[in-house]
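Asks: Just passing along the structure, written as structure tokens.
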Amino acid sequence: MSRLSSARRLQLALTSGTTIVVGGGEGEPRKLVRALREICCSLSAVEVVFGIHGGADWDEHGCPGTTVLRFGWFGQPPRAERRDVIVRLAYSQIPQFLDGRDIVVLAKVSPPRNGLHSLSMTAEYLPAAIDKARTTLVEVDEAAPWVTTTCAVSADVVEVMERASSSDVDVTAPPLGDASGPLASIVERTVPDGAIVQLGLGRIIDNALAGLRPRRGLRVRSGSLSTVAAQLWACGVLDTDHPATATALFGGSEVREWASRGNVLLERVEATHSDSLVGLVGFHSINAAVQVDLAGNINTEMAGGRYVGAMGGAPDFAAAAVRSPGGQSVFVLPSTAHTDRVSRIVPRPVELTTVTASDVSLVITEWGSAQVNGLGLRERAHALAVIAHPQFRAELLDHADRVVDRIEDRR
């Protein structure tokens, strides 16, 4: 462990033009981030990559030489005054984005075993960043679970700067929901026993995934996993002969205990979001959406002109699922926002297109489901309008007919 203070060691490691890649979510090294904040006023032309899940408490004031880069947001809406730069990339593209940069990595790791540190609950693009890094500075979390992984880090390539313990931090998750709910019942009918599933994140997805309760033998190939995955395992839904594959885990003691027993294989993002998905049979991706337009394009990023989400892994998983024999690309969303004043199924193009219509199989709201792949323009628009909130359906159907009529008149 360095004899210098963390702030001083960071100051020595950083030069103009450095890109600091910080572990996110459960893998955020909070002590090192605080040390970085102490010295940021002295930095010049430095980028800090917080990804999607990290840096929620970062205060940019007094850091004129620091640019914060994010690949989106998850967990809380951004403060309106934030000036973070949003880099719109699917997760599979992030390792290439890091090429050619002068990288210093700040990461949280578990205590070493046989000369190796596990990245514990967050791998994502950190292994790619470590491979390219000039320096990797770590915070050892004495309470971090050792999760089975293909991307453990040699103790020889990291410098231990801080020690911490997350044992006093826990997140209590609600129990797995009712499988008879409107979203859950559709998911139950959609996903067969023995399917390979990718499980998205968010409250509405948690409600929908309760529909998997009656299923058996499901295998998980996912990006991020939450407490719901551990609960499905405990209910006997998942195939216990195959660990759930993911690149990040979120949750408290329930997830930590489940993962530490060898039930999860943590892999780098190149393995979870790449061509390894090609050729999977019966692959179902299940993700949340913010908006869908009548052409079937999906927005997972913007609402009301504000950037509130991320591309994340949705483009990667949707493309693989829609091409999987027996698979489906599924998106779930509430039909309205702002206490039923705004329809989330919109007549005109969505604010941002995250996933194009050609990579969408099924859209689910609390009013039903629309199987949209293979449909013509009018049929697709009608199928989506029918699952909108009743107060918006007539308007959406009328708009769809007028648009398609104009297209057909121009032939």
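Following the order of the structure tokens, chains are lettered A, B, ..., residues in each are numbered from 1, and ligands are numbered from 1.
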Quick check for you: according to DSSP on this backbone, which residues of stretch 83-144 of chain A are classed as alpha helix (DSSP H)? Reply as a list in words.
Replies: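 Those in stretch 83-144 of chain A that DSSP calls alpha helix (DSSP H) are Ile94, Pro95, Gln96, Phe97, Leu126, Pro127, Ala128, Ala129, Ile130, Asp131 and Lys132 of chain A.
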Asks: Give me the residues near A:Pro347 as a list in words, where near means some atom within 9 Å (using only C-alpha atoms) and where sequence neighbours in that chain fewer than 4 positions away do not count.
Replies: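 My reading of the contact set: Val292, Asp293, Leu294, Ala295, Ala381, Ala385, Glu395, Leu396, Leu397, His399 and Ala400 of chain A.
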Asks: When you look at A:Ile52 with a cut-off of 6 Å (counting only C-alpha atoms), what residues show up, excluding the ones that are within fewer than 2 positions of it in the same chain? I need them as an MDAnalysis selection string.
Replies: chainID A and resid 70:74
Asks: Pull the strand (DSSP E) assignments for stretch 82-252 of chain A out of DSSP run on the backbone, and list those residues as a PyMOL selection string.
Replies: chain A and resi 85-86+102-109+116-117+135-141+153-154+159-164+196-199+219-220+224-225+244-246+248-249
Asks: For stretch 33-41 of chain A, find every residue with an atom within 9 Å (counting only C-alpha atoms), except residues of its own chain fewer than 6 positions away, and show them as an MDAnalysis selection string.
Replies: chainID A and resid 5:8 10:11 22 55 58:66 106
Asks: Please, could you write that set of residues out with N, CA and C atoms as a PDB file, in the first residue's frame?
Replies:
ATOM      1  N   SER A   5      -0.399   9.841   0.583  1.00  0.00           N
ATOM      2  CA  SER A   5      -1.850   9.937   0.641  1.00  0.00           C
ATOM      3  C   SER A   5      -2.416   9.640  -0.739  1.00  0.00           C
ATOM      4  N   SER A   6      -3.665   9.166  -0.768  1.00  0.00           N
ATOM      5  CA  SER A   6      -4.284   8.837  -2.049  1.00  0.00           C
ATOM      6  C   SER A   6      -4.347  10.055  -2.956  1.00  0.00           C
ATOM      7  N   ALA A   7      -4.691  11.211  -2.382  1.00  0.00           N
ATOM      8  CA  ALA A   7      -4.782  12.428  -3.188  1.00  0.00           C
ATOM      9  C   ALA A   7      -3.421  12.778  -3.806  1.00  0.00           C
ATOM     10  N   ARG A   8      -2.364  12.668  -2.992  1.00  0.00           N
ATOM     11  CA  ARG A   8      -1.026  13.010  -3.502  1.00  0.00           C
ATOM     12  C   ARG A   8      -0.581  12.007  -4.564  1.00  0.00           C
ATOM     13  N   LEU A  10      -2.482  10.258  -6.550  1.00  0.00           N
ATOM     14  CA  LEU A  10      -3.245  10.552  -7.754  1.00  0.00           C
ATOM     15  C   LEU A  10      -2.664  11.756  -8.490  1.00  0.00           C
ATOM     16  N   GLN A  11      -2.314  12.753  -7.741  1.00  0.00           N
ATOM     17  CA  GLN A  11      -1.757  13.963  -8.349  1.00  0.00           C
ATOM     18  C   GLN A  11      -0.495  13.645  -9.135  1.00  0.00           C
ATOM     19  N   VAL A  22     -13.175   5.061 -14.055  1.00  0.00           N
ATOM     20  CA  VAL A  22     -13.569   4.751 -12.682  1.00  0.00           C
ATOM     21  C   VAL A  22     -14.581   3.609 -12.688  1.00  0.00           C
ATOM     22  N   GLY A  55     -20.323   7.826  -9.906  1.00  0.00           N
ATOM     23  CA  GLY A  55     -20.141   9.261  -9.754  1.00  0.00           C
ATOM     24  C   GLY A  55     -21.391  10.050  -9.467  1.00  0.00           C
ATOM     25  N   TRP A  58     -20.581  13.142  -7.511  1.00  0.00           N
ATOM     26  CA  TRP A  58     -19.492  13.988  -7.989  1.00  0.00           C
ATOM     27  C   TRP A  58     -19.965  15.432  -8.120  1.00  0.00           C
ATOM     28  N   ASP A  59     -19.183  16.345  -7.574  1.00  0.00           N
ATOM     29  CA  ASP A  59     -19.485  17.765  -7.649  1.00  0.00           C
ATOM     30  C   ASP A  59     -18.490  18.395  -8.606  1.00  0.00           C
ATOM     31  N   GLU A  60     -18.980  18.860  -9.732  1.00  0.00           N
ATOM     32  CA  GLU A  60     -18.079  19.361 -10.771  1.00  0.00           C
ATOM     33  C   GLU A  60     -17.587  20.778 -10.504  1.00  0.00           C
ATOM     34  N   HIS A  61     -18.179  21.484  -9.549  1.00  0.00           N
ATOM     35  CA  HIS A  61     -17.777  22.867  -9.292  1.00  0.00           C
ATOM     36  C   HIS A  61     -16.342  22.916  -8.767  1.00  0.00           C
ATOM     37  N   GLY A  62     -15.570  23.848  -9.282  1.00  0.00           N
ATOM     38  CA  GLY A  62     -14.171  23.966  -8.907  1.00  0.00           C
ATOM     39  C   GLY A  62     -13.264  23.018  -9.655  1.00  0.00           C
ATOM     40  N   CYS A  63     -13.768  22.399 -10.715  1.00  0.00           N
ATOM     41  CA  CYS A  63     -12.970  21.461 -11.506  1.00  0.00           C
ATOM     42  C   CYS A  63     -12.963  21.890 -12.974  1.00  0.00           C
ATOM     43  N   PRO A  64     -12.477  23.092 -13.290  1.00  0.00           N
ATOM     44  CA  PRO A  64     -12.566  23.588 -14.669  1.00  0.00           C
ATOM     45  C   PRO A  64     -11.748  22.782 -15.666  1.00  0.00           C
ATOM     46  N   GLY A  65     -10.732  22.082 -15.188  1.00  0.00           N
ATOM     47  CA  GLY A  65      -9.895  21.310 -16.097  1.00  0.00           C
ATOM     48  C   GLY A  65     -10.326  19.864 -16.250  1.00  0.00           C
ATOM     49  N   THR A  66     -11.499  19.520 -15.701  1.00  0.00           N
ATOM     50  CA  THR A  66     -11.962  18.132 -15.705  1.00  0.00           C
ATOM     51  C   THR A  66     -13.256  18.011 -16.504  1.00  0.00           C
ATOM     52  N   LEU A 106      -9.177   3.678 -11.773  1.00  0.00           N
ATOM     53  CA  LEU A 106      -9.499   3.644 -10.345  1.00  0.00           C
ATOM     54  C   LEU A 106     -10.559   2.572 -10.161  1.00  0.00           C
TER      55      LEU A 106
END
Asks: Within 9 Å of A:Glu139, counting only C-alpha atoms, which residues show up once you throw out same-chain ones fewer than 4 positions away? Write them as a PyMOL selection string, please.
Replies: chain A and resi 29-32+106-110+159-164
Asks: Of the residues A:Arg113, A:His273, A:Arg221, A:Arg256, which is the one nearest to A:Gly313, using only C-alpha atoms?
Replies: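 Closest candidate: A:His273.
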Asks: Find, counting only C-alpha atoms, the residue in A:Val147, A:Leu333, A:Leu183, A:Ala210 that gets nearest to A:Trp258.
Replies: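 Of A:Val147, A:Leu333, A:Leu183, A:Ala210, the one nearest A:Trp258, counting only C-alpha atoms, is A:Val147.
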Asks: Find, counting only C-alpha atoms, the residue in A:Leu89, A:Gly181, A:Ala234, A:Val255 that gets nearest to A:Gly368.
Replies: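 Result for the nearest residue to A:Gly368: A:Gly181.
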Asks: Name the closest residue to A:Thr149 among the candidates A:Ser166, A:Ser16, A:Asn299, A:Ser120; distances are taken between atoms, counting only C-alpha atoms.
Replies: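 Counting only C-alpha atoms, the residue closest to A:Thr149 is A:Ser120.
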Asks: Would you list the contacts of A:Gly100 as an NGL selection string, taking every protein, DNA or RNA residue within 12 Å and counting only C-alpha atoms, but skipping same-chain residues closer than 3 positions in sequence?
Replies: :A and (17-19 or 95-97 or 103 or 129 or 131-134)
Asks: Between atom CA of A:Ile298 and atom CA of A:Val330, what is the distance in Å, rounded to a tenth?
Replies: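 Calculated distance between atom CA of A:Ile298 and atom CA of A:Val330 is 10.6 Å.
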Asks: Which one is closest to A:Leu199: A:Thr339, A:Gln328, A:Thr245, A:Ser285? Count only C-alpha atoms.
Replies: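 Distance minimum relative to A:Leu199 lands on A:Ser285.
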Asks: List the spatial neighbours of A:Glu124 as a PyMOL selection string - criterion: any atom at most 8 Å away, only C-alpha atoms, same-chain residues fewer than 3 positions off excluded.
Replies: chain A and resi 127+247-248+267-269
